[in-house]
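This is target-v1.pdb. It holds PDB, C-alpha atoms.
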```
ATOM      1  CA  MET G   1      36.346  17.668  34.073
ATOM      2  CA  THR G   2      37.101  17.907  30.361
ATOM      3  CA  THR G   3      37.886  14.196  30.240
ATOM      4  CA  LEU G   4      34.573  13.379  31.928
ATOM      5  CA  ILE G   5      32.635  15.498  29.425
ATOM      6  CA  ILE G   6      34.390  13.804  26.501
ATOM      7  CA  VAL G   7      33.685  10.352  27.940
ATOM      8  CA  LEU G   8      29.996  11.178  28.456
ATOM      9  CA  TYR G   9      29.750  12.642  24.958
ATOM     10  CA  LEU G  10      31.333   9.546  23.427
ATOM     11  CA  ALA G  11      29.063   7.282  25.487
ATOM     12  CA  VAL G  12      25.935   9.057  24.249
ATOM     13  CA  LEU G  13      27.285   9.005  20.690
ATOM     14  CA  ALA G  14      28.064   5.290  20.908
ATOM     15  CA  ALA G  15      24.594   4.509  22.256
ATOM     16  CA  SER G  16      22.739   6.528  19.618
ATOM     17  CA  SER G  17      24.950   5.268  16.786
ATOM     18  CA  GLY G  18      24.566   1.696  18.008
ATOM     19  CA  LEU G  19      20.780   1.976  17.996
ATOM     20  CA  HIS G  20      20.908   3.540  14.547
ATOM     21  CA  PHE G  21      23.113   0.697  13.315
ATOM     22  CA  LEU G  22      20.824  -1.973  14.784
ATOM     23  CA  ASN G  23      17.808  -0.339  13.180
ATOM     24  CA  ASN G  24      19.547  -0.278   9.790
ATOM     25  CA  ARG G  25      20.606  -3.912  10.132
ATOM     26  CA  HIS G  26      17.090  -5.024  11.032
ATOM     27  CA  LEU G  27      15.711  -3.077   8.083
ATOM     28  CA  GLN G  28      18.281  -4.670   5.776
ATOM     29  CA  ARG G  29      17.353  -8.178   6.924
ATOM     30  CA  HIS G  30      13.589  -7.883   7.296
ATOM     31  CA  GLY G  31      12.566  -4.712   5.452
ATOM     32  CA  ASP G  32      10.942  -6.621   2.584
ATOM     33  CA  GLU G  33       8.787  -8.814   4.840
ATOM     34  CA  VAL G  34       5.145  -7.753   4.811
ATOM     35  CA  PRO G  35       3.643  -7.943   8.347
ATOM     36  CA  SER G  36       0.905 -10.539   8.633
ATOM     37  CA  GLY G  37      -1.665  -7.911   9.525
ATOM     38  CA  PHE G  38      -1.008  -6.101   6.239
ATOM     39  CA  ALA G  39      -0.875  -9.149   3.977
ATOM     40  CA  GLY G  40      -2.803  -8.399   0.802
ATOM     41  CA  ALA G  41      -2.973  -4.693   1.582
ATOM     42  CA  VAL G  42       0.713  -3.867   1.061
ATOM     43  CA  ASP G  43       2.561  -4.674  -2.140
ATOM     44  CA  ALA G  44       5.748  -6.622  -1.362
ATOM     45  CA  ALA G  45       7.756  -5.033  -4.175
ATOM     46  CA  THR G  46       6.765  -1.526  -3.110
ATOM     47  CA  LEU G  47       7.613  -2.318   0.507
ATOM     48  CA  ALA G  48      11.026  -3.666  -0.501
ATOM     49  CA  GLN G  49      11.716  -0.528  -2.544
ATOM     50  CA  SER G  50      10.619   1.705   0.323
ATOM     51  CA  SER G  51      12.750  -0.221   2.811
ATOM     52  CA  ALA G  52      15.797  -0.037   0.543
ATOM     53  CA  TYR G  53      15.356   3.718   0.230
ATOM     54  CA  THR G  54      14.958   4.142   3.984
ATOM     55  CA  LEU G  55      18.034   1.982   4.565
ATOM     56  CA  ALA G  56      20.161   4.009   2.145
ATOM     57  CA  LYS G  57      19.094   7.265   3.791
ATOM     58  CA  GLY G  58      19.653   5.786   7.234
ATOM     59  CA  GLN G  59      23.167   4.608   6.404
ATOM     60  CA  LEU G  60      24.080   8.023   5.037
ATOM     61  CA  GLY G  61      22.550   9.647   8.109
ATOM     62  CA  LEU G  62      24.678   7.473  10.387
ATOM     63  CA  VAL G  63      27.882   8.383   8.541
ATOM     64  CA  ARG G  64      26.969  12.065   8.623
ATOM     65  CA  SER G  65      26.178  11.916  12.332
ATOM     66  CA  LEU G  66      29.568  10.363  13.109
ATOM     67  CA  PHE G  67      31.323  12.926  10.910
ATOM     68  CA  ASP G  68      29.532  15.849  12.589
ATOM     69  CA  SER G  69      30.327  14.459  16.027
ATOM     70  CA  ALA G  70      34.009  14.113  15.147
ATOM     71  CA  LEU G  71      34.076  17.735  13.968
ATOM     72  CA  THR G  72      32.377  18.860  17.172
ATOM     73  CA  LEU G  73      34.923  17.057  19.337
ATOM     74  CA  LEU G  74      37.802  18.452  17.310
ATOM     75  CA  PHE G  75      36.468  22.002  17.433
ATOM     76  CA  VAL G  76      35.451  22.122  21.096
ATOM     77  CA  PHE G  77      38.206  20.027  22.675
ATOM     78  CA  GLY G  78      40.955  20.224  20.059
ATOM     79  CA  GLY G  79      41.821  23.863  20.664
ATOM     80  CA  LEU G  80      40.004  25.283  17.640
ATOM     81  CA  LEU G  81      37.294  26.952  19.728
ATOM     82  CA  ALA G  82      39.820  28.906  21.800
ATOM     83  CA  TRP G  83      41.742  29.888  18.664
ATOM     84  CA  TYR G  84      38.546  30.952  16.881
ATOM     85  CA  ASP G  85      37.353  33.029  19.830
ATOM     86  CA  GLY G  86      40.747  34.706  20.149
ATOM     87  CA  TRP G  87      40.897  35.399  16.420
ATOM     88  CA  LEU G  88      37.533  37.171  16.519
ATOM     89  CA  ALA G  89      38.488  39.089  19.656
ATOM     90  CA  GLY G  90      41.571  40.382  17.860
ATOM     91  CA  HIS G  91      39.348  42.236  15.381
ATOM     92  CA  GLN G  92      37.881  44.357  18.210
ATOM     93  CA  LEU G  93      34.323  44.130  16.940
ATOM     94  CA  SER G  94      31.316  45.457  18.801
ATOM     95  CA  PHE G  95      29.290  43.057  20.939
ATOM     96  CA  ILE G  96      26.589  42.638  18.296
ATOM     97  CA  ALA G  97      29.019  42.351  15.373
ATOM     98  CA  ALA G  98      31.203  39.844  17.238
ATOM     99  CA  GLY G  99      28.181  37.727  18.143
ATOM    100  CA  LEU G 100      26.911  37.731  14.568
ATOM    101  CA  ALA G 101      30.342  36.862  13.175
ATOM    102  CA  PHE G 102      30.880  34.064  15.705
ATOM    103  CA  PHE G 103      27.721  32.164  14.804
ATOM    104  CA  LEU G 104      27.600  33.156  11.141
ATOM    105  CA  LEU G 105      31.041  31.781  10.299
ATOM    106  CA  LEU G 106      30.324  28.569  12.200
ATOM    107  CA  SER G 107      27.041  28.178  10.333
ATOM    108  CA  LEU G 108      28.746  28.710   6.979
ATOM    109  CA  ALA G 109      31.423  26.157   7.872
ATOM    110  CA  GLN G 110      28.753  23.640   8.857
ATOM    111  CA  THR G 111      26.983  24.225   5.538
ATOM    112  CA  LEU G 112      30.191  23.677   3.571
ATOM    113  CA  PHE G 113      31.025  20.462   5.421
ATOM    114  CA  GLY G 114      27.492  19.212   4.786
ATOM    115  CA  LEU G 115      27.546  19.828   1.024
ATOM    116  CA  PRO G 116      29.115  16.451   0.086
ATOM    117  CA  PHE G 117      26.410  14.623   2.034
ATOM    118  CA  ASP G 118      23.647  16.720   0.459
ATOM    119  CA  LEU G 119      25.050  16.108  -3.016
ATOM    120  CA  TYR G 120      25.264  12.365  -2.438
ATOM    121  CA  SER G 121      21.746  12.277  -1.027
ATOM    122  CA  HIS G 122      20.223  14.182  -3.946
ATOM    123  CA  PHE G 123      22.163  12.868  -6.916
ATOM    124  CA  LYS G 124      22.948   9.326  -5.787
ATOM    125  CA  ILE G 125      20.295   8.035  -3.407
ATOM    126  CA  GLU G 126      17.336  10.091  -4.618
ATOM    127  CA  SER G 127      18.255   9.482  -8.267
ATOM    128  CA  ARG G 128      18.761   5.750  -7.705
ATOM    129  CA  PHE G 129      15.187   5.401  -6.480
ATOM    130  CA  GLY G 130      13.698   7.692  -9.122
ATOM    131  CA  PHE G 131      12.817  10.595  -6.840
ATOM    132  CA  ASN G 132      15.304  13.243  -7.893
ATOM    133  CA  ARG G 133      14.634  15.163 -11.096
ATOM    134  CA  MET G 134      16.653  18.215 -10.130
ATOM    135  CA  SER G 135      19.557  19.269 -12.324
ATOM    136  CA  PHE G 136      22.827  20.278 -10.715
ATOM    137  CA  LYS G 137      22.253  23.847 -11.904
ATOM    138  CA  LEU G 138      18.837  23.997 -10.245
ATOM    139  CA  TRP G 139      20.241  22.439  -7.072
ATOM    140  CA  CYS G 140      22.951  25.108  -6.932
ATOM    141  CA  ALA G 141      20.352  27.833  -7.513
ATOM    142  CA  ASP G 142      18.205  26.499  -4.666
ATOM    143  CA  GLN G 143      21.231  26.312  -2.387
ATOM    144  CA  ALA G 144      22.190  29.897  -3.225
ATOM    145  CA  LYS G 145      18.666  31.212  -2.625
ATOM    146  CA  GLY G 146      18.383  29.270   0.608
ATOM    147  CA  LEU G 147      21.743  30.581   1.783
ATOM    148  CA  LEU G 148      20.821  34.192   1.011
ATOM    149  CA  LEU G 149      17.507  33.847   2.837
ATOM    150  CA  SER G 150      19.269  32.271   5.813
ATOM    151  CA  LEU G 151      21.811  35.086   5.917
ATOM    152  CA  LEU G 152      19.051  37.695   5.772
ATOM    153  CA  PHE G 153      16.995  36.110   8.549
ATOM    154  CA  PHE G 154      20.084  35.450  10.650
ATOM    155  CA  ALA G 155      21.246  39.058  10.323
ATOM    156  CA  LEU G 156      17.832  40.422  11.323
ATOM    157  CA  LEU G 157      17.175  37.994  14.168
ATOM    158  CA  GLY G 158      20.766  37.929  15.389
ATOM    159  CA  THR G 159      21.061  41.697  15.526
ATOM    160  CA  ALA G 160      17.778  41.985  17.411
ATOM    161  CA  ALA G 161      18.684  39.137  19.792
ATOM    162  CA  PHE G 162      22.128  40.492  20.694
ATOM    163  CA  TRP G 163      20.666  43.970  21.131
ATOM    164  CA  LEU G 164      18.124  42.512  23.578
ATOM    165  CA  ILE G 165      20.931  40.782  25.476
ATOM    166  CA  GLN G 166      22.654  44.136  25.888
ATOM    167  CA  ALA G 167      19.485  46.055  26.699
ATOM    168  CA  ALA G 168      18.073  43.544  29.210
ATOM    169  CA  PRO G 169      20.949  41.476  30.658
ATOM    170  CA  GLN G 170      18.735  39.992  33.397
ATOM    171  CA  SER G 171      15.695  39.040  31.318
ATOM    172  CA  TRP G 172      17.115  38.791  27.794
ATOM    173  CA  TRP G 173      16.190  35.117  27.526
ATOM    174  CA  LEU G 174      12.480  35.969  27.822
ATOM    175  CA  TRP G 175      12.642  38.741  25.232
ATOM    176  CA  VAL G 176      14.662  36.623  22.813
ATOM    177  CA  TRP G 177      12.162  33.780  23.222
ATOM    178  CA  ALA G 178       9.313  36.181  22.429
ATOM    179  CA  LEU G 179      11.246  37.446  19.409
ATOM    180  CA  LEU G 180      11.776  33.938  18.033
ATOM    181  CA  VAL G 181       8.163  32.913  18.624
ATOM    182  CA  GLY G 182       6.875  36.070  16.966
ATOM    183  CA  PHE G 183       9.188  35.632  13.997
ATOM    184  CA  GLY G 184       8.143  31.999  13.634
ATOM    185  CA  LEU G 185       4.472  32.974  13.530
ATOM    186  CA  LEU G 186       5.186  35.730  11.014
ATOM    187  CA  LEU G 187       7.121  33.289   8.836
ATOM    188  CA  MET G 188       4.169  30.883   8.803
ATOM    189  CA  VAL G 189       2.021  33.659   7.342
ATOM    190  CA  ILE G 190       4.392  35.094   4.746
ATOM    191  CA  ALA G 191       6.212  31.922   3.629
ATOM    192  CA  PRO G 192       3.527  30.727   1.151
ATOM    193  CA  TYR G 193       3.462  34.138  -0.521
ATOM    194  CA  VAL G 194       7.049  35.381  -0.252
ATOM    195  CA  ILE G 195       9.440  32.446   0.208
ATOM    196  CA  GLU G 196       7.884  29.415  -1.485
ATOM    197  CA  PRO G 197       7.373  31.188  -4.855
ATOM    198  CA  LEU G 198      11.160  31.572  -4.971
ATOM    199  CA  PHE G 199      11.456  27.784  -5.217
ATOM    200  CA  PHE G 200       8.148  26.608  -6.692
ATOM    201  CA  LYS G 201       5.680  27.715  -9.329
ATOM    202  CA  PHE G 202       1.975  27.900  -8.501
ATOM    203  CA  GLN G 203      -1.009  28.096 -10.831
ATOM    204  CA  PRO G 204      -4.778  27.447 -10.588
ATOM    205  CA  LEU G 205      -5.947  23.869 -11.043
ATOM    206  CA  GLN G 206      -7.057  23.017 -14.571
ATOM    207  CA  GLY G 207      -8.802  19.659 -14.131
ATOM    208  CA  GLU G 208     -12.587  19.928 -14.242
ATOM    209  CA  GLY G 209     -14.130  18.969 -10.920
ATOM    210  CA  LEU G 210     -10.739  18.443  -9.259
ATOM    211  CA  GLU G 211     -10.838  21.629  -7.196
ATOM    212  CA  GLU G 212     -14.351  20.869  -5.971
ATOM    213  CA  ALA G 213     -13.289  17.346  -4.960
ATOM    214  CA  ILE G 214     -10.388  18.804  -2.991
ATOM    215  CA  ARG G 215     -12.702  21.270  -1.257
ATOM    216  CA  VAL G 216     -15.007  18.416  -0.259
ATOM    217  CA  MET G 217     -12.036  16.547   1.203
ATOM    218  CA  LEU G 218     -10.943  19.688   3.070
ATOM    219  CA  ALA G 219     -14.427  20.088   4.501
ATOM    220  CA  LYS G 220     -14.384  16.475   5.730
ATOM    221  CA  ALA G 221     -11.070  17.217   7.454
ATOM    222  CA  GLY G 222     -12.607  20.190   9.247
ATOM    223  CA  LEU G 223     -10.874  22.845   7.133
ATOM    224  CA  PRO G 224     -12.747  25.733   5.506
ATOM    225  CA  GLY G 225     -13.411  24.645   1.948
ATOM    226  CA  GLU G 226     -15.446  27.509   0.554
ATOM    227  CA  PRO G 227     -14.051  29.292  -2.517
ATOM    228  CA  ARG G 228     -11.970  32.406  -1.944
ATOM    229  CA  GLN G 229     -13.876  35.672  -2.117
ATOM    230  CA  PRO G 230     -12.150  38.964  -2.949
ATOM    231  CA  SER G 231     -13.142  40.368   0.438
ATOM    232  CA  SER G 232     -12.117  37.282   2.402
ATOM    233  CA  ALA G 233      -8.580  36.901   3.720
ATOM    234  CA  SER G 234      -9.178  33.539   5.370
ATOM    235  CA  ALA G 235     -10.901  31.474   2.678
ATOM    236  CA  LEU G 236      -8.886  28.892   0.791
ATOM    237  CA  CYS G 237      -7.729  28.915  -2.785
ATOM    238  CA  VAL G 238      -6.502  25.683  -4.366
ATOM    239  CA  VAL G 239      -3.482  25.881  -6.654
ATOM    240  CA  LEU G 240      -1.164  23.446  -8.407
ATOM    241  CA  LEU G 241       2.379  23.311  -7.066
ATOM    242  CA  HIS G 242       4.918  22.546  -9.790
ATOM    243  CA  ALA G 243       7.592  20.408  -8.157
ATOM    244  CA  SER G 244       8.069  17.600 -10.652
ATOM    245  CA  HIS G 245      11.251  19.245 -11.962
ATOM    246  CA  ARG G 246      12.698  18.646  -8.484
ATOM    247  CA  ARG G 247      11.152  15.347  -7.374
ATOM    248  CA  GLY G 248       9.093  12.610  -8.948
ATOM    249  CA  ALA G 249       5.939  13.794  -7.189
ATOM    250  CA  GLY G 250       3.715  16.822  -7.423
ATOM    251  CA  GLY G 251       0.642  17.999  -5.643
ATOM    252  CA  ALA G 252      -2.146  20.453  -5.180
ATOM    253  CA  VAL G 253      -1.835  23.011  -2.428
ATOM    254  CA  ALA G 254      -4.701  24.559  -0.517
ATOM    255  CA  ARG G 255      -3.712  28.029   0.575
ATOM    256  CA  ALA G 256      -5.446  29.996   3.271
ATOM    257  CA  GLY G 257      -4.831  33.693   3.521
ATOM    258  CA  GLY G 258      -3.052  34.176   6.826
ATOM    259  CA  ASN G 259      -3.845  30.632   7.975
ATOM    260  CA  GLY G 260      -1.064  28.613   6.389
ATOM    261  CA  GLU G 261      -1.413  25.967   3.717
ATOM    262  CA  ALA G 262      -2.079  22.266   3.319
ATOM    263  CA  ALA G 263      -0.374  20.168   0.663
ATOM    264  CA  ILE G 264      -2.473  17.509  -1.008
ATOM    265  CA  GLY G 265      -0.108  15.069  -2.663
ATOM    266  CA  ARG G 266      -0.592  13.025  -5.785
ATOM    267  CA  PRO G 267       1.839  11.003  -7.921
ATOM    268  CA  GLY G 268       3.903  13.049 -10.337
ATOM    269  CA  LYS G 269       4.789  12.099 -13.903
ATOM    270  CA  ARG G 270       8.436  11.117 -14.085
ATOM    271  CA  SER G 271       8.571  11.172 -17.857
ATOM    272  CA  GLY G 272       7.898  14.879 -18.201
ATOM    273  CA  GLY G 273       7.633  18.104 -16.264
ATOM    274  CA  GLU G 274       4.388  19.511 -14.992
TER     275      GLU G 274
END
```
Take the structure in this file and express it as structure tokens.
Amino acid sequence: MTTLIIVLYLAVLAASSGLHFLNNRHLQRHGDEVPSGFAGAVDAATLAQSSAYTLAKGQLGLVRSLFDSALTLLFVFGGLLAWYDGWLAGHQLSFIAAGLAFFLLLSLAQTLFGLPFDLYSHFKIESRFGFNRMSFKLWCADQAKGLLLSLLFFALLGTAAFWLIQAAPQSWWLWVWALLVGFGLLLMVIAPYVIEPLFFKFQPLQGEGLEEAIRVMLAKAGLPGEPRQPSSASALCVVLLHASHRRGAGGAVARAGGNGEAAIGRPGKRSGGE
């Protein structure tokens, strides 16, 4: 049975990797060819640059996919899973603590193995095409903040989920689903006000007439575009998101109290920070 599972896994991996490879090869050969229907509307140089960027990301993605698959095979079928499970069992942890430790350590290992690919993507590919403006120090700070947030959310959700499994062994899957859906909805509400300010700086728009033009565009898209009132929790406020110190693009963001946000992109200045 184990052999059959490995064969099926390798077959699926070969098929997906083969399609990925064929797509990359086609992009490499024909990515700079403007389709006849877009002749005159698409700049050939811009298309070639975009195709080269997509190809570089696709090639890295293929290598990373093969690497992750090799690790999965080694861990699941190479004896590491049984050793890992036995090692945790030897610590005689409670059900909730053992469950948290099992997935937490695996998640941390996955993050560590993915760091070389993330570094190459940010500081080689993104920099080569003029998108990355993030210093290594800022990248490390973002990684640390993201890791701490992930640990916090994982601890809260994991503890609640494993408690539900213990409390309702027959219907835990329904309660855990409700927990995840509820948390996802809550995150949509609080993220623009609690999480995103940890990574980005926001300030009111300064350009005269720019905010009004954005509100007109929002109204055409069917979004509420009236100015925010002190007593209104659902009206939108338009702010400038400072991201040019991370990427070569910035943008205005329309925030709605409790209703999410919409990013309105515009080219960023690569010669200086915003």
- Task: Could you jot down the atom CA of Ile96 of chain G to atom CA of Thr159 of chain G separation for me, Å, one decimal place?
- Result: 6.3 Å
- Task: Give as a PyMOL selection string the residues that the PyMOL selection byres ((chain G and resi 75-89) around 9) matches when applied to the coordinates above.
- Result: chain G and resi 2+6+70-74+90-93+98+101-102
- Task: Taking the file as shown, find all residues satisfying the PyMOL selection byres ((chain G and resi 51) around 12) and write them as a PyMOL selection string.
- Result: chain G and resi 23-34+44-50+52-58+129
Pull C-alpha atoms from the residues just selected and write them as a PDB file, in the frame of the given file.
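Listing of result-v7.pdb after writing:
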```pdb
ATOM      1  CA  ASN G  23      17.808  -0.339  13.180  1.00  0.00           C
ATOM      2  CA  ASN G  24      19.547  -0.278   9.790  1.00  0.00           C
ATOM      3  CA  ARG G  25      20.606  -3.912  10.132  1.00  0.00           C
ATOM      4  CA  HIS G  26      17.090  -5.024  11.032  1.00  0.00           C
ATOM      5  CA  LEU G  27      15.711  -3.077   8.083  1.00  0.00           C
ATOM      6  CA  GLN G  28      18.281  -4.670   5.776  1.00  0.00           C
ATOM      7  CA  ARG G  29      17.353  -8.178   6.924  1.00  0.00           C
ATOM      8  CA  HIS G  30      13.589  -7.883   7.296  1.00  0.00           C
ATOM      9  CA  GLY G  31      12.566  -4.712   5.452  1.00  0.00           C
ATOM     10  CA  ASP G  32      10.942  -6.621   2.584  1.00  0.00           C
ATOM     11  CA  GLU G  33       8.787  -8.814   4.840  1.00  0.00           C
ATOM     12  CA  VAL G  34       5.145  -7.753   4.811  1.00  0.00           C
ATOM     13  CA  ALA G  44       5.748  -6.622  -1.362  1.00  0.00           C
ATOM     14  CA  ALA G  45       7.756  -5.033  -4.175  1.00  0.00           C
ATOM     15  CA  THR G  46       6.765  -1.526  -3.110  1.00  0.00           C
ATOM     16  CA  LEU G  47       7.613  -2.318   0.507  1.00  0.00           C
ATOM     17  CA  ALA G  48      11.026  -3.666  -0.501  1.00  0.00           C
ATOM     18  CA  GLN G  49      11.716  -0.528  -2.544  1.00  0.00           C
ATOM     19  CA  SER G  50      10.619   1.705   0.323  1.00  0.00           C
ATOM     20  CA  ALA G  52      15.797  -0.037   0.543  1.00  0.00           C
ATOM     21  CA  TYR G  53      15.356   3.718   0.230  1.00  0.00           C
ATOM     22  CA  THR G  54      14.958   4.142   3.984  1.00  0.00           C
ATOM     23  CA  LEU G  55      18.034   1.982   4.565  1.00  0.00           C
ATOM     24  CA  ALA G  56      20.161   4.009   2.145  1.00  0.00           C
ATOM     25  CA  LYS G  57      19.094   7.265   3.791  1.00  0.00           C
ATOM     26  CA  GLY G  58      19.653   5.786   7.234  1.00  0.00           C
ATOM     27  CA  PHE G 129      15.187   5.401  -6.480  1.00  0.00           C
TER      28      PHE G 129
END
```
I'd like the neighbourhood of Leu157 of chain G as a PDB file with C-alpha atoms, in the frame of the given file, where a residue qualifies if any of its atoms comes within 10 Å (using all atoms listed in the file), though same-chain residues fewer than 2 positions away should be ignored.
```pdb
ATOM      1  CA  LEU G 100      26.911  37.731  14.568  1.00  0.00           C
ATOM      2  CA  LEU G 151      21.811  35.086   5.917  1.00  0.00           C
ATOM      3  CA  LEU G 152      19.051  37.695   5.772  1.00  0.00           C
ATOM      4  CA  PHE G 153      16.995  36.110   8.549  1.00  0.00           C
ATOM      5  CA  PHE G 154      20.084  35.450  10.650  1.00  0.00           C
ATOM      6  CA  ALA G 155      21.246  39.058  10.323  1.00  0.00           C
ATOM      7  CA  THR G 159      21.061  41.697  15.526  1.00  0.00           C
ATOM      8  CA  ALA G 160      17.778  41.985  17.411  1.00  0.00           C
ATOM      9  CA  ALA G 161      18.684  39.137  19.792  1.00  0.00           C
ATOM     10  CA  PHE G 162      22.128  40.492  20.694  1.00  0.00           C
ATOM     11  CA  TRP G 163      20.666  43.970  21.131  1.00  0.00           C
ATOM     12  CA  VAL G 176      14.662  36.623  22.813  1.00  0.00           C
ATOM     13  CA  LEU G 179      11.246  37.446  19.409  1.00  0.00           C
ATOM     14  CA  LEU G 180      11.776  33.938  18.033  1.00  0.00           C
ATOM     15  CA  PHE G 183       9.188  35.632  13.997  1.00  0.00           C
TER      16      PHE G 183
END
```
- Note on the structure: The residue from G:Ala219, G:Lys145, G:Ile214, G:Val239 with the smallest atom-to-atom distance to Phe199 of chain G, counting all atoms listed in the file, is G:Lys145
- For the structure provided, state which residues fall under the PyMOL selection byres ((chain G and resi 118) around 12), and present them as a PyMOL selection string. chain G and resi 57+60-61+64+111-117+119-126+136+139-140+143
Centre and size of axis-aligned box enclosing segment 108-125 of chain G plus 3 Å each side, as lines of an AutoDock Vina configuration file:
```
center_x = 25.8
center_y = 18.4
center_z = 1.0
size_x = 17.2
size_y = 26.7
size_z = 21.8
```
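If all atoms listed in the file are the atoms counted, then among G:His20, G:Leu186, G:Trp177, G:Asp68 the closest residue to Ile165 of chain G is G:Trp177.
When atom CA of Ala178 of chain G is paired with atom CA of Leu198 of chain G, their separation reads 27.8 Å.
Between atom CA of Leu62 of chain G and atom CA of Ser17 of chain G the interatomic distance comes to 6.8 Å.
Using all atoms listed in the file, the smallest distance between any of G:Pro35, G:Leu66, G:Ala144, G:Ala41 and Leu10 of chain G comes from G:Leu66.
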Kindly output segment 132-147 of chain G as a short mmCIF file (atom, residue, chain, number, x, y, z; two decimals), keeping the file's coordinate frame, after building N, CA and C atoms.
```cif
data_model
loop_
_atom_site.label_atom_id
_atom_site.label_comp_id
_atom_site.auth_asym_id
_atom_site.auth_seq_id
_atom_site.Cartn_x
_atom_site.Cartn_y
_atom_site.Cartn_z
N ASN G 132 14.68 11.97 -7.54
CA ASN G 132 15.30 13.24 -7.89
C ASN G 132 15.18 13.53 -9.38
N ARG G 133 14.68 14.70 -9.71
CA ARG G 133 14.63 15.16 -11.10
C ARG G 133 15.29 16.54 -11.21
N MET G 134 16.03 16.90 -10.19
CA MET G 134 16.65 18.22 -10.13
C MET G 134 18.02 18.19 -10.82
N SER G 135 18.25 19.14 -11.70
CA SER G 135 19.56 19.27 -12.32
C SER G 135 20.54 19.88 -11.33
N PHE G 136 21.82 19.71 -11.61
CA PHE G 136 22.83 20.28 -10.72
C PHE G 136 22.73 21.80 -10.69
N LYS G 137 22.40 22.39 -11.83
CA LYS G 137 22.25 23.85 -11.90
C LYS G 137 21.11 24.32 -11.02
N LEU G 138 19.98 23.62 -11.07
CA LEU G 138 18.84 24.00 -10.24
C LEU G 138 19.15 23.78 -8.77
N TRP G 139 19.86 22.70 -8.46
CA TRP G 139 20.24 22.44 -7.07
C TRP G 139 21.12 23.57 -6.54
N CYS G 140 22.08 24.00 -7.35
CA CYS G 140 22.95 25.11 -6.93
C CYS G 140 22.15 26.39 -6.74
N ALA G 141 21.18 26.63 -7.63
CA ALA G 141 20.35 27.83 -7.51
C ALA G 141 19.54 27.80 -6.22
N ASP G 142 18.97 26.63 -5.91
CA ASP G 142 18.20 26.50 -4.67
C ASP G 142 19.09 26.71 -3.44
N GLN G 143 20.30 26.14 -3.50
CA GLN G 143 21.23 26.31 -2.39
C GLN G 143 21.59 27.78 -2.20
N ALA G 144 21.82 28.48 -3.31
CA ALA G 144 22.19 29.90 -3.22
C ALA G 144 21.04 30.72 -2.65
N LYS G 145 19.82 30.46 -3.14
CA LYS G 145 18.67 31.21 -2.62
C LYS G 145 18.42 30.90 -1.15
N GLY G 146 18.56 29.63 -0.79
CA GLY G 146 18.38 29.27 0.61
C GLY G 146 19.43 29.91 1.50
N LEU G 147 20.67 29.97 1.00
CA LEU G 147 21.74 30.58 1.78
C LEU G 147 21.51 32.08 1.97
#
```
